[in-house]
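Dropping model.txt in here (compact mmCIF, C-alpha atoms):
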```
# COMPACT_ATOMS: atom_id res chain seq x y z
CA MET I 195 44.27 -54.00 41.82
CA SER I 196 46.83 -51.47 40.78
CA GLY I 197 48.57 -49.97 43.70
CA PRO I 198 51.20 -47.64 45.03
CA THR I 199 54.79 -48.20 44.06
CA GLN I 200 56.51 -45.42 45.97
CA SER I 201 55.92 -43.72 49.26
CA LEU I 202 52.34 -42.99 50.14
CA TYR I 203 52.87 -39.23 50.39
CA VAL I 204 54.55 -38.79 47.04
CA GLU I 205 52.13 -41.08 45.28
CA THR I 206 48.93 -39.54 46.48
CA GLN I 207 50.38 -36.06 46.17
CA ALA I 208 51.18 -36.76 42.51
CA LEU I 209 47.63 -37.96 42.01
CA TYR I 210 46.23 -34.87 43.70
CA ASP I 211 48.50 -32.71 41.54
CA CYS I 212 47.31 -34.46 38.43
CA ALA I 213 43.70 -34.06 39.52
CA ASP I 214 44.39 -30.38 40.00
CA GLY I 215 45.91 -30.28 36.52
CA TRP I 216 42.52 -31.28 35.17
CA THR I 217 40.23 -29.27 37.41
CA SER I 218 42.32 -26.10 37.53
CA ASP I 219 44.67 -25.82 34.55
CA ALA I 220 42.73 -27.72 31.91
CA VAL I 221 39.26 -26.57 32.95
CA THR I 222 40.32 -22.92 33.08
CA ARG I 223 41.92 -23.03 29.65
CA LEU I 224 39.10 -25.02 28.09
CA ALA I 225 36.67 -22.44 29.48
CA ALA I 226 38.79 -19.69 27.92
CA ALA I 227 38.79 -21.50 24.58
CA LYS I 228 35.03 -21.97 24.80
CA SER I 229 34.50 -18.29 25.53
CA LEU I 230 36.69 -17.29 22.56
CA ALA I 231 34.79 -19.64 20.26
CA ALA I 232 31.51 -18.23 21.57
CA ASN I 233 32.66 -14.75 20.49
CA GLY I 234 32.35 -15.96 16.92
CA GLU I 235 28.72 -17.03 17.23
CA HIS I 236 26.45 -15.16 14.80
CA GLN I 237 29.37 -13.07 13.54
CA GLY I 238 29.33 -14.48 10.00
CA TYR I 239 27.81 -11.28 8.63
CA LEU I 240 31.27 -9.72 9.04
CA PHE I 241 32.31 -11.51 5.86
CA GLY I 242 30.04 -9.25 3.83
CA VAL I 243 27.69 -10.28 1.11
CA LEU I 244 30.30 -11.18 -1.48
CA LEU I 245 31.89 -13.67 0.91
CA ALA I 246 28.45 -14.74 2.03
CA SER I 247 29.17 -18.40 1.34
CA LEU I 248 31.49 -18.33 4.36
CA GLN I 249 28.87 -16.93 6.73
CA GLN I 250 26.83 -20.01 7.53
CA PRO I 251 29.74 -22.48 7.76
CA HIS I 252 31.53 -20.10 10.09
CA ASP I 253 28.52 -19.54 12.33
CA THR I 254 27.83 -23.26 12.53
CA PHE I 255 31.47 -23.88 13.36
CA ALA I 256 31.53 -21.23 16.10
CA SER I 257 28.34 -22.61 17.63
CA ASP I 258 29.46 -26.26 17.46
CA ALA I 259 32.93 -25.43 18.75
CA THR I 260 31.37 -23.61 21.72
CA ASP I 261 29.25 -26.67 22.56
CA ILE I 262 32.11 -29.10 22.13
CA LEU I 263 34.51 -27.06 24.24
CA GLY I 264 31.80 -26.83 26.89
CA THR I 265 31.64 -30.63 26.97
CA ALA I 266 35.44 -30.71 27.09
CA GLY I 267 35.39 -28.58 30.22
CA GLU I 268 32.81 -30.82 31.88
CA VAL I 269 34.81 -33.93 31.08
CA ALA I 270 38.01 -32.35 32.41
CA THR I 271 36.19 -31.56 35.64
CA ASP I 272 35.05 -35.20 35.83
CA PHE I 273 38.61 -36.38 35.25
CA GLY I 274 39.93 -34.21 38.02
CA GLU I 275 37.27 -35.30 40.47
CA ALA I 276 37.79 -38.98 39.65
CA LEU I 277 41.53 -38.67 40.09
CA ALA I 278 41.11 -36.85 43.39
CA GLN I 279 38.91 -39.72 44.52
CA VAL I 280 41.60 -42.16 43.44
CA ALA I 281 44.14 -40.27 45.52
CA LYS I 282 41.81 -40.16 48.50
CA ASP I 283 41.07 -43.88 48.27
CA TYR I 284 44.74 -44.77 48.05
CA GLU I 285 45.42 -42.72 51.10
CA SER I 286 43.00 -44.81 53.09
CA THR I 287 43.84 -48.31 51.86
CA ASP I 288 45.34 -50.71 54.30
CA ALA I 289 48.09 -51.59 51.90
CA ASN I 290 49.17 -48.01 51.60
CA VAL I 291 49.02 -47.40 55.29
CA SER I 292 51.07 -50.53 55.76
CA THR I 293 53.60 -49.41 53.17
CA LEU I 294 53.86 -46.05 54.82
CA ALA I 295 54.35 -47.70 58.20
CA THR I 296 57.05 -49.94 56.77
CA LYS I 297 58.85 -47.08 55.14
CA THR I 298 58.55 -44.91 58.19
CA ALA I 299 59.96 -47.73 60.31
CA ALA I 300 62.84 -48.09 57.88
CA GLY I 301 63.56 -44.39 58.18
CA LEU I 302 62.38 -43.59 54.68
CA MET D 139 48.51 -30.66 14.62
CA GLY D 140 48.38 -27.03 13.72
CA GLU D 141 49.11 -27.62 10.09
CA ARG D 142 47.67 -24.84 7.98
CA LEU D 143 44.83 -25.86 5.77
CA PRO D 144 44.57 -24.50 2.24
CA GLY D 145 43.99 -20.76 2.21
CA LEU D 146 41.39 -18.86 0.24
CA PRO D 147 41.56 -19.22 -3.51
CA ALA D 148 43.64 -16.48 -5.14
CA TYR D 149 41.99 -13.09 -5.53
CA ASP D 150 42.36 -12.37 -9.21
CA ALA D 151 42.49 -8.58 -9.40
CA PRO D 152 41.27 -7.19 -12.69
CA PRO D 153 43.95 -5.25 -14.55
CA LEU D 154 43.89 -1.46 -14.57
CA GLU D 155 47.21 -0.33 -15.95
CA GLY D 156 49.38 1.82 -13.75
CA GLN D 157 46.67 2.62 -11.22
CA LEU D 158 46.81 -0.15 -8.61
CA SER D 159 50.40 0.16 -7.46
CA ASP D 160 49.75 0.40 -3.72
CA LEU D 161 47.59 -1.16 -1.07
CA VAL D 162 45.59 1.61 0.56
CA LEU D 163 44.48 0.25 3.90
CA PHE D 164 40.99 0.89 5.18
CA GLY D 165 40.36 -0.66 8.57
CA THR D 166 36.65 -0.07 8.83
CA PRO D 167 33.74 0.06 6.40
CA ASP D 168 33.12 3.67 7.44
CA MET D 169 36.56 4.85 6.38
CA TRP D 170 36.22 3.14 3.05
CA PHE D 171 32.65 4.28 2.51
CA ASN D 172 33.46 7.90 3.40
CA ARG D 173 36.41 7.98 1.03
CA MET D 174 34.19 6.66 -1.73
CA MET D 175 31.61 9.34 -1.00
CA GLU D 176 34.30 12.06 -1.04
CA LEU D 177 35.50 10.93 -4.42
CA ASN D 178 31.99 10.87 -5.75
CA ASP D 179 31.39 14.40 -4.43
CA LEU D 180 34.59 15.51 -6.13
CA LEU D 181 33.47 14.02 -9.42
CA VAL D 182 30.10 15.77 -9.17
CA GLN D 183 31.79 19.07 -8.33
CA GLU D 184 34.13 18.85 -11.31
CA ILE D 185 31.35 18.17 -13.77
CA GLU D 186 29.30 21.02 -12.31
CA ASP D 187 32.26 23.42 -12.47
CA TRP D 188 32.94 22.45 -16.05
CA GLY D 189 29.34 23.10 -17.01
CA GLN D 190 29.33 26.46 -15.18
CA LYS D 191 32.52 27.55 -16.92
CA ILE D 192 30.98 26.88 -20.32
CA GLN D 193 27.72 28.51 -19.24
CA ASP D 194 29.57 31.69 -18.25
CA LYS D 195 31.16 31.84 -21.68
CA ILE D 196 27.83 31.37 -23.39
CA ASN D 197 26.31 34.13 -21.26
CA GLY D 198 29.11 36.51 -22.19
CA LEU D 199 29.08 35.64 -25.88
CA SER D 200 30.39 38.49 -28.05
CA GLU D 201 28.91 39.51 -31.34
CA ILE D 202 32.04 38.48 -33.22
CA ASP D 203 32.04 35.01 -31.67
CA ALA D 204 28.31 34.75 -32.29
CA ALA D 205 28.88 35.52 -35.95
CA ILE D 206 31.62 32.88 -36.23
CA ILE D 207 29.54 30.27 -34.44
CA GLY D 208 26.42 31.24 -36.32
CA GLY D 209 28.30 30.64 -39.54
CA ALA D 210 29.61 27.31 -38.32
CA ILE D 211 26.21 26.00 -37.32
CA GLY D 212 24.31 27.54 -40.24
CA ILE D 213 22.18 30.01 -38.36
CA LEU D 214 23.18 32.83 -40.72
CA GLY D 215 20.88 32.94 -43.67
CA GLY D 216 17.18 33.08 -44.23
CA PRO D 217 15.42 36.10 -42.81
CA LEU D 218 18.32 36.85 -40.46
CA GLY D 219 20.63 37.49 -43.34
CA MET D 220 18.34 40.17 -44.72
CA LEU D 221 18.45 42.21 -41.57
CA GLY D 222 21.28 44.54 -40.84
CA GLY D 223 22.73 46.59 -38.02
CA ALA D 224 22.47 46.20 -34.27
CA ALA D 225 19.06 44.52 -34.35
CA ALA D 226 20.42 41.73 -36.50
CA GLY D 227 23.45 41.34 -34.20
CA ALA D 228 21.28 41.02 -31.09
CA LEU D 229 19.00 38.50 -32.76
CA LEU D 230 22.00 36.47 -33.88
CA ILE D 231 23.49 36.38 -30.39
CA GLY D 232 20.17 35.25 -28.96
CA GLU D 233 19.81 32.47 -31.51
CA VAL D 234 23.38 31.27 -31.08
CA LYS D 235 23.10 31.34 -27.28
CA ASP D 236 19.99 29.20 -27.42
CA TRP D 237 21.74 26.76 -29.66
CA LEU D 238 24.85 26.65 -27.45
CA ASN D 239 22.75 26.15 -24.33
CA GLY D 240 21.11 23.22 -26.01
CA LYS D 241 24.50 21.81 -26.93
CA LEU D 242 25.84 22.27 -23.40
CA GLY D 243 22.76 20.54 -22.07
CA ASP D 244 23.43 17.56 -24.32
CA LEU D 245 27.06 17.30 -23.24
CA LEU D 246 26.16 17.55 -19.55
CA GLU D 247 23.49 14.95 -19.97
CA GLN D 248 26.04 12.52 -21.37
CA LEU D 249 28.38 13.22 -18.44
CA TRP D 250 25.64 12.79 -15.86
CA ASP D 251 24.46 9.58 -17.49
CA ALA D 252 27.99 8.22 -17.19
CA HIS D 253 28.20 9.46 -13.61
CA LYS D 254 24.95 7.68 -12.78
CA LYS D 255 26.63 4.46 -13.85
CA VAL D 256 29.49 5.17 -11.43
CA VAL D 257 27.02 5.73 -8.59
CA ASP D 258 25.27 2.46 -9.41
CA ALA D 259 28.59 0.61 -9.51
CA MET D 260 29.67 2.17 -6.21
CA GLN D 261 26.42 1.09 -4.62
CA ALA D 262 26.98 -2.47 -5.84
CA CYS D 263 30.44 -2.42 -4.27
CA ILE D 264 29.07 -1.14 -0.98
CA ASP D 265 26.20 -3.63 -0.93
CA GLY D 266 28.37 -6.47 -2.10
CA ILE D 267 31.43 -6.30 0.07
CA PHE D 268 30.44 -4.41 3.14
CA GLY D 269 32.33 -6.82 5.31
CA ASN D 270 34.38 -5.73 8.31
CA PRO D 271 38.09 -6.63 8.13
CA GLU D 272 38.87 -5.14 11.53
CA LYS D 273 36.32 -7.27 13.36
CA LEU D 274 37.24 -10.33 11.30
CA MET D 275 40.85 -9.86 12.39
CA GLY D 276 39.71 -9.54 16.00
CA LEU D 277 37.77 -12.79 15.76
CA GLY D 278 40.79 -14.43 14.11
CA ALA D 279 43.01 -13.32 16.99
CA GLY D 280 40.44 -14.81 19.39
CA TYR D 281 40.51 -18.15 17.61
CA GLN D 282 44.30 -18.08 17.72
CA SER D 283 44.13 -17.52 21.49
CA ALA D 284 41.68 -20.41 21.77
CA ARG D 285 44.26 -22.57 20.04
CA SER D 286 46.91 -21.52 22.59
CA ALA D 287 44.52 -22.24 25.46
CA LEU D 288 43.82 -25.74 24.12
CA ILE D 289 47.51 -26.45 23.70
CA GLU D 290 48.17 -25.25 27.26
CA ALA D 291 45.36 -27.44 28.59
CA ASN D 292 46.91 -30.40 26.80
CA LEU D 293 50.40 -29.63 28.13
CA ALA D 294 49.15 -29.20 31.69
CA VAL D 295 47.43 -32.57 31.92
CA THR D 296 50.04 -34.39 29.85
CA LYS D 297 52.84 -33.19 32.08
CA LYS D 298 51.05 -34.13 35.29
CA THR D 299 49.96 -37.47 33.86
CA ASP D 300 53.61 -38.17 33.08
CA THR D 301 54.49 -37.44 36.69
CA VAL D 302 51.71 -39.68 37.97
CA SER D 303 52.91 -42.51 35.74
CA ILE D 304 56.06 -42.69 37.86
CA PHE D 305 54.00 -43.52 40.94
CA TRP D 306 50.91 -45.23 39.58
CA GLU D 307 50.89 -48.36 37.49
CA GLY D 308 48.73 -51.33 36.65
CA ARG D 309 45.31 -51.65 35.12
CA GLY D 310 43.91 -48.56 36.77
CA PHE D 311 46.64 -46.32 35.45
CA SER D 312 46.49 -47.90 32.01
CA ALA D 313 42.78 -47.22 31.87
CA TYR D 314 43.19 -43.64 33.05
CA SER D 315 46.13 -43.03 30.74
CA GLY D 316 44.22 -44.29 27.72
CA ALA D 317 41.22 -42.12 28.50
CA ALA D 318 43.44 -39.11 29.19
CA GLY D 319 45.12 -39.67 25.82
CA GLN D 320 41.74 -39.46 24.13
CA GLN D 321 41.11 -36.15 25.84
CA THR D 322 44.41 -34.62 24.84
CA ALA D 323 43.99 -35.91 21.29
CA ALA D 324 40.58 -34.23 21.15
CA MET D 325 42.18 -31.01 22.43
CA ASP D 326 44.69 -31.19 19.59
CA VAL D 327 41.93 -31.67 17.03
CA MET D 328 40.09 -28.61 18.32
CA ALA D 329 43.34 -26.62 18.46
CA GLY D 330 43.83 -27.36 14.78
CA LYS D 331 40.27 -26.40 13.92
CA VAL D 332 40.27 -23.06 15.72
CA GLN D 333 43.60 -22.29 14.09
CA SER D 334 42.02 -22.92 10.70
CA ALA D 335 39.22 -20.58 11.73
CA SER D 336 41.81 -17.97 12.62
CA HIS D 337 43.39 -18.29 9.17
CA LEU D 338 40.02 -17.98 7.49
CA MET D 339 39.39 -14.70 9.33
CA ALA D 340 42.78 -13.32 8.32
CA ASP D 341 42.36 -14.40 4.69
CA ALA D 342 38.89 -12.93 4.43
CA ALA D 343 39.92 -9.68 6.10
CA GLY D 344 42.90 -9.36 3.75
CA LEU D 345 40.73 -10.07 0.73
CA ILE D 346 38.17 -7.44 1.67
CA GLN D 347 40.88 -4.85 2.37
CA GLN D 348 42.55 -5.58 -0.97
CA CYS D 349 39.23 -5.23 -2.74
CA TRP D 350 38.43 -1.92 -1.03
CA SER D 351 41.88 -0.64 -1.82
CA ASP D 352 41.55 -1.51 -5.51
CA ILE D 353 38.19 0.21 -5.73
CA ILE D 354 39.36 3.40 -4.04
CA GLN D 355 42.49 3.60 -6.17
CA ALA D 356 40.44 3.06 -9.29
CA LEU D 357 38.07 5.84 -8.23
CA VAL D 358 40.95 8.19 -7.41
CA ALA D 359 42.41 7.56 -10.84
CA LEU D 360 39.03 7.90 -12.49
CA VAL D 361 38.29 11.26 -10.89
CA ALA D 362 41.80 12.54 -11.66
CA ASP D 363 41.53 11.50 -15.31
CA VAL D 364 38.09 13.02 -15.74
CA VAL D 365 39.27 16.26 -14.12
CA ASN D 366 42.31 16.34 -16.42
CA THR D 367 40.27 15.94 -19.55
CA LEU D 368 37.75 18.54 -18.44
CA LEU D 369 40.44 20.99 -17.35
CA GLY D 370 41.52 22.02 -20.85
CA ASP D 371 40.08 25.46 -21.52
CA ILE D 372 37.40 25.05 -24.13
CA GLU D 373 37.28 27.97 -26.57
CA ILE D 374 33.71 28.97 -26.94
CA THR D 375 34.08 28.97 -30.71
CA LYS D 376 34.97 25.27 -30.56
CA LEU D 377 31.93 24.28 -28.51
CA PRO D 378 29.79 23.39 -31.53
CA THR D 379 32.14 20.54 -32.37
CA ALA D 380 33.13 19.69 -28.79
CA THR D 381 32.60 16.16 -27.53
CA VAL D 382 32.82 14.55 -24.10
CA THR D 383 33.83 11.25 -25.59
CA THR D 384 37.12 11.12 -23.69
CA PRO D 385 35.82 11.71 -20.15
CA VAL D 386 32.79 9.52 -20.79
CA GLY D 387 35.13 6.78 -21.99
CA ILE D 388 37.26 7.13 -18.86
CA ILE D 389 34.20 6.94 -16.65
CA ILE D 390 32.93 3.85 -18.45
CA ASP D 391 36.36 2.19 -18.03
CA GLY D 392 36.11 2.92 -14.32
CA VAL D 393 32.63 1.42 -14.17
CA ASN D 394 33.89 -1.72 -15.89
CA PHE D 395 36.73 -1.96 -13.41
CA LEU D 396 34.43 -1.68 -10.39
CA ASN D 397 32.17 -4.34 -11.84
CA ALA D 398 35.21 -6.56 -12.46
CA VAL D 399 36.29 -6.20 -8.81
CA VAL D 400 32.86 -7.32 -7.67
CA SER D 401 32.98 -10.28 -10.06
CA ALA D 402 36.42 -11.29 -8.80
CA MET D 403 35.20 -11.24 -5.19
CA ARG D 404 32.15 -13.22 -6.11
CA ALA D 405 34.34 -15.79 -7.87
CA VAL D 406 36.42 -16.26 -4.72
CA SER D 407 33.28 -16.75 -2.66
CA ILE D 408 31.85 -19.33 -5.01
CA GLU D 409 35.16 -21.15 -5.27
CA ALA D 410 35.53 -21.23 -1.48
CA ARG D 411 32.10 -22.79 -1.18
CA THR D 412 32.74 -25.46 -3.80
CA THR D 413 36.22 -26.53 -2.70
CA SER D 414 37.40 -28.47 0.33
CA PHE D 415 38.65 -25.23 1.85
CA MET D 416 35.81 -25.14 4.37
CA ASP D 417 35.87 -28.81 5.35
CA TRP D 418 37.41 -28.06 8.73
CA THR D 419 34.30 -26.16 9.80
CA GLU D 420 32.40 -29.45 9.96
CA LEU D 421 32.35 -30.44 13.64
CA SER D 422 29.21 -32.52 13.97
CA SER D 423 31.21 -35.65 13.10
CA THR D 424 33.88 -34.96 15.72
CA PRO D 425 32.16 -35.20 19.13
CA TRP D 426 34.15 -34.81 22.31
CA PRO D 427 35.06 -38.19 23.90
CA ARG D 428 33.37 -38.56 27.28
CA PRO D 429 34.36 -41.50 29.51
CA ASP D 430 31.53 -43.47 31.06
CA GLY D 431 30.84 -42.92 34.72
CA LEU D 432 33.89 -41.27 36.18
CA ALA D 433 32.28 -41.67 39.57
CA ALA D 434 34.14 -42.26 42.76
CA ASN D 435 35.85 -45.60 43.19
CA GLN D 436 35.55 -46.57 39.56
CA TYR D 437 39.14 -45.86 38.72
CA ALA D 438 40.24 -49.35 39.62
CA ASN D 439 38.16 -50.98 36.97
CA ASP D 440 39.54 -50.62 33.44
CA ASP D 441 36.13 -50.76 31.92
CA ASN D 442 34.99 -47.65 33.72
CA TRP D 443 37.56 -45.52 31.86
CA GLY D 444 36.11 -46.60 28.56
CA THR D 445 34.65 -43.73 26.60
CA THR D 446 31.60 -43.05 24.57
CA ASP D 447 31.39 -40.12 22.26
CA GLN D 448 29.03 -37.41 23.32
```
The structure given in the file should be rewritten as structure tokens.
Amino acid sequence: MSGPTQSLYVETQALYDCADGWTSDAVTRLAAAKSLAANGEHQGYLFGVLLASLQQPHDTFASDATDILGTAGEVATDFGEALAQVAKDYESTDANVSTLATKTAAGL
Amino acid sequence: MGERLPGLPAYDAPPLEGQLSDLVLFGTPDMWFNRMMELNDLLVQEIEDWGQKIQDKINGLSEIDAAIIGGAIGILGGPLGMLGGAAAGALLIGEVKDWLNGKLGDLLEQLWDAHKKVVDAMQACIDGIFGNPEKLMGLGAGYQSARSALIEANLAVTKKTDTVSIFWEGRGFSAYSGAAGQQTAAMDVMAGKVQSASHLMADAAGLIQQCWSDIIQALVALVADVVNTLLGDIEITKLPTATVTTPVGIIIDGVNFLNAVVSAMRAVSIEARTTSFMDWTELSSTPWPRPDGLAANQYANDDNWGTTDQ
């Protein structure tokens, strides 16, 4: 199985950071993007009758984009949670504890 | 990523010599609509004033003028010619006034008929292009912000994944990295699509504003031209041969212009629908990639980072 290559602290901290990148940064921004796309739902009438051919494609786009960005946010949450679990598991593996002990003993 | 898709087809403004030099900006339908109504009111007022001016002259018709006009229109003669003195003069004035009133009525009818065409054309413009550039621009700005948010989301996870790659390697990381790459690629695709949406809003808003501007300028010019041709003081003795051909012609030109603007807008709309311009709005074939079972403890198995589209 893939394992730690550096000190336990740095490694798991990097994983936790990355998990946070998904659950905080990415999720927040994807939610913002979803909300902005949702603002366009049912707004096609703003094109007026002479540009009416743009109404339906726009409204469908806004609605689909809202759904898709909603899924994107869910997936980003899943990524973050999975990575956090990875970090947590690494923290508790014997190999990692052993590595930490070795490095601590060596004054690293 | 972020490459601009083809814009709206060109708006082919109909020619109206010397009148459409500037873009007059109207942010909201109300502003545009009110200006149109003002110009229409002005046109009505001018025609009414013109008619009243002529009416006043008819009412104050002198005997001398009546005699001249009577001669010109052939009212002198017959039994009238046999009479003499004041009685004959009064009869002549009455006859000539009646005739002139009839003539004025005919001229006004022609003007109002032409004006009716302007009103109909204005209504078609209002019905046809009552879009809202201001709100379209607002939506466009929102889509542009959505693009920024997607790019930031991508940068955030890409940067932190890069950091993790220093400390995490092997099959687990490869699997995660591949799945993460699918996510960021999907973010890029959506960033490009919302940017295209933003451009569509801006293009449409600009098109509507240009169209409104052209219409208002054409109406301003139309009203000014009609007023100019009606301004010339009509000598009452010339009324029998007077025509309103010139102002009616100007009004009809204006009507044709308004109709041409509507046609040009309609052409853009049809062209947009029948070209690939709107292809980017199709999202049903671009589902978001969702990895299977990102449950706890599955990170170590490559297969569990595989994705299925959802």
Surrounding residues of Ser422 of chain D excluding itself and chain neighbours under 6 positions, 10 Å, all atoms listed in the file, as JSON, numbers by chain: {"I": [254, 255, 258, 259, 262]}
Produce a file of the selected residues containing C-alpha atoms, as a CSV table (one decimal), in the frame of the given file.
```
chain,number,residue,atom,x,y,z
I,254,THR,CA,27.8,-23.3,12.5
I,255,PHE,CA,31.5,-23.9,13.4
I,258,ASP,CA,29.5,-26.3,17.5
I,259,ALA,CA,32.9,-25.4,18.8
I,262,ILE,CA,32.1,-29.1,22.1
```
Chain D residues near chain I (7 Å cut-off, all atoms listed in the file) as a PyMOL selection string: chain D and resi 266-270+274+277+280-281+284+287-288+291+294-295+298-299+301-302+305-310+342+403-404+407-408+411+419-421+425-426+428+432-435+437-438
Two-atom distance - atom CA of Asn178 of chain D, atom CA of Gly243 of chain D (Å):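 These two atoms are separated by 21.1 Å.
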Counting only C-alpha atoms, the residue of D:Leu249, D:Ile264, D:Leu357, D:Leu229 that sits nearest Val393 of chain D: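 Smallest separation from Val393 of chain D among the options: D:Leu357.
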Nearest candidate to Asp300 of chain D (options D:Ala362, D:Ala318, D:Ile192, D:Ile354; using all atoms listed in the file): D:Ala318
For Gln193 of chain D, the nearest of the candidates D:Asp326, D:Asp236, D:Asp168, D:Asp160, counting all atoms listed in the file: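 Residue with the minimum atom-to-atom distance to Gln193 of chain D: D:Asp236.
Comparing D:Ser303, D:Gln248, D:Gln333, D:Thr322 by their smallest distance to Gly387 of chain D, the closest is D:Gln248 (using all atoms listed in the file).
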Non-local contacts of Trp237 of chain D (12 Å; all atoms listed in the file; under 5 positions in same chain excluded) as a list in words: Ile196, Ala204, Ile207, Gly208, Ala210, Ile211, Gly212, Ile213, Leu230, Ile231, Gly232, Leu242, Gly243, Asp244, Leu377 and Pro378 of chain D
Between atom CA of Asn397 of chain D and atom CA of Thr384 of chain D - distance in Å to one decimal: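 Pair atom CA of Thr384 of chain D / atom CA of Asn397 of chain D returns 20.1 Å.
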D:Asp251, D:Asp194, D:Glu290, D:Asp341 ranked by distance to Val182 of chain D, top pick (using all atoms listed in the file):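 Among D:Asp251, D:Asp194, D:Glu290, D:Asp341, it is D:Asp251 that comes nearest to Val182 of chain D.
Atom to atom, atom CA of Leu245 of chain D and atom CA of Thr381 of chain D stand 7.1 Å apart.
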